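Enquirer: Once you've had a glance at the structure underneath, I'll fire off some questions.
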Amino acid sequence: MKRILIVLSMLILLLSGCTSRPAEAPHVTGSPERAAESAAPTPAPTPYTPPAVTGAVAAGPLRVNGVSSVLTLEPPAGWTWEAVDGEHAGVALWPEIAEDFRFTVSFWPEGFAQCGTGVTEREVHVGDDIPAALMTEDAGGTMTWTLLVKTDDSFVLNCTAGGARFETYGGGLNELLSSLRVQAK
């Protein structure tokens with residue numbers, strides 16, 4: 001019986017972490033005419049503008065801008081990069097000889113969360129002793145590798161590739177991780 005309760009509790013926690021409920025509309029009291037008079041028009045939402053990715057390999061480290069901080073990194077020798085636009089702006093990096101082995105380094109303005117089913121998570125330190133959570137999942141020979149840098153801003157490094165690719169290019173990955181720096185704006 002105890003096992004069943006523990007399993008059910010864990011299942012509820014997992015499911016509640018992977019879903020969200022929409023906010024409820026505020027309850028207005030009083031007459032309908034008065035409620036219509038006092039209801040202010042809802043302003044249009046401000047569109048999100050992704051932060052800029054700046055830098056060049058020859059001119060110094062790449063920069064991924066957050067709201068309150070900047071993450072900088074140096075591409076390993078023999079790696080190239082390109083800016084990634086969109087909601088999770090950042091930069092994609094890969095070894096010049098293996099374009100299918102791409103890492104993205106991005107800023108998540110609303111924060112980052114990952115469901116834990118099949119994921120192994122451990123605490124690590126990268127760069128200049130920056131705390132981070134390393135989450136890995138091996139599914140049928142394909143490895144998903146995600147690193148959440150624990151700062152005021154949510155910076156995420158992510159790669160999905162065949163497990164053999166991680167073994168081949170792990171040295172460059174370690175070099176990239178050791179170059180990470182986070183500075184307040």
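All residue names refer to the structure tokens as shown: chains lettered A, B, ... in order, residues numbered from 1 in each chain, ligands numbered from 1 in order.
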List as a PyMOL selection string the protein and nucleic acid residues near Glu175 of chain A, meaning an atom at most 9 Å away when only C-alpha atoms are counted, but skip any in the same chain fewer than 4 places from it.

Expert: chain A and resi 74-76+170-171+179

Enquirer: Report as CSV the residues of segment 90-139 of chain A within 7 Å of segment 150-165 of chain A, each with its shortest atom pair and distance in Å (one decimal), using only C-alpha atoms, ordered by chain and increasing residue number.

Expert:
residue,atom,partner,partner_atom,distance
A:Phe101,CA,A:Ala161,CA,6.2
A:Arg102,CA,A:Cys159,CA,6.1
A:Phe103,CA,A:Cys159,CA,4.8
A:Thr104,CA,A:Asn158,CA,5.3
A:Val105,CA,A:Leu157,CA,4.4
A:Ser106,CA,A:Val156,CA,5.4
A:Phe107,CA,A:Phe155,CA,4.6
A:Trp108,CA,A:Ser154,CA,5.3
A:Pro109,CA,A:Ser154,CA,6.8
A:Gly111,CA,A:Ser154,CA,5.4
A:Phe112,CA,A:Ser154,CA,6.4
A:Pro131,CA,A:Lys150,CA,5.5
A:Ala132,CA,A:Lys150,CA,5.0

Enquirer: What does the file look like for those residues with N, CA and C atoms, as a PDB file, in the first residue's frame?

Expert:
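What follows is the written file result18.pdb:
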ATOM      1  N   PHE A 101      26.570  17.795 -35.884  1.00  0.00           N
ATOM      2  CA  PHE A 101      26.808  17.784 -34.437  1.00  0.00           C
ATOM      3  C   PHE A 101      26.751  19.227 -33.939  1.00  0.00           C
ATOM      4  N   ARG A 102      25.532  19.754 -33.814  1.00  0.00           N
ATOM      5  CA  ARG A 102      25.324  21.160 -33.455  1.00  0.00           C
ATOM      6  C   ARG A 102      24.931  21.325 -31.997  1.00  0.00           C
ATOM      7  N   PHE A 103      25.536  22.327 -31.386  1.00  0.00           N
ATOM      8  CA  PHE A 103      25.151  22.771 -30.054  1.00  0.00           C
ATOM      9  C   PHE A 103      24.476  24.117 -30.197  1.00  0.00           C
ATOM     10  N   THR A 104      23.395  24.311 -29.480  1.00  0.00           N
ATOM     11  CA  THR A 104      22.804  25.642 -29.434  1.00  0.00           C
ATOM     12  C   THR A 104      23.025  26.187 -28.028  1.00  0.00           C
ATOM     13  N   VAL A 105      23.332  27.463 -27.965  1.00  0.00           N
ATOM     14  CA  VAL A 105      23.466  28.183 -26.706  1.00  0.00           C
ATOM     15  C   VAL A 105      22.445  29.295 -26.811  1.00  0.00           C
ATOM     16  N   SER A 106      21.437  29.279 -25.950  1.00  0.00           N
ATOM     17  CA  SER A 106      20.339  30.227 -26.108  1.00  0.00           C
ATOM     18  C   SER A 106      19.870  30.793 -24.778  1.00  0.00           C
ATOM     19  N   PHE A 107      19.158  31.905 -24.885  1.00  0.00           N
ATOM     20  CA  PHE A 107      18.555  32.578 -23.743  1.00  0.00           C
ATOM     21  C   PHE A 107      17.066  32.280 -23.754  1.00  0.00           C
ATOM     22  N   TRP A 108      16.528  31.854 -22.612  1.00  0.00           N
ATOM     23  CA  TRP A 108      15.104  31.556 -22.477  1.00  0.00           C
ATOM     24  C   TRP A 108      14.485  32.623 -21.579  1.00  0.00           C
ATOM     25  N   PRO A 109      13.811  33.633 -22.146  1.00  0.00           N
ATOM     26  CA  PRO A 109      13.291  34.743 -21.337  1.00  0.00           C
ATOM     27  C   PRO A 109      12.233  34.335 -20.322  1.00  0.00           C
ATOM     28  N   GLY A 111      12.230  31.422 -18.729  1.00  0.00           N
ATOM     29  CA  GLY A 111      12.771  30.340 -17.918  1.00  0.00           C
ATOM     30  C   GLY A 111      12.719  29.028 -18.679  1.00  0.00           C
ATOM     31  N   PHE A 112      13.428  28.037 -18.171  1.00  0.00           N
ATOM     32  CA  PHE A 112      13.537  26.752 -18.849  1.00  0.00           C
ATOM     33  C   PHE A 112      13.132  25.648 -17.889  1.00  0.00           C
ATOM     34  N   PRO A 131      27.577  27.378 -11.466  1.00  0.00           N
ATOM     35  CA  PRO A 131      26.741  26.198 -11.227  1.00  0.00           C
ATOM     36  C   PRO A 131      25.789  25.959 -12.399  1.00  0.00           C
ATOM     37  N   ALA A 132      25.559  24.679 -12.688  1.00  0.00           N
ATOM     38  CA  ALA A 132      24.678  24.317 -13.800  1.00  0.00           C
ATOM     39  C   ALA A 132      24.066  22.951 -13.518  1.00  0.00           C
TER      40      ALA A 132
END
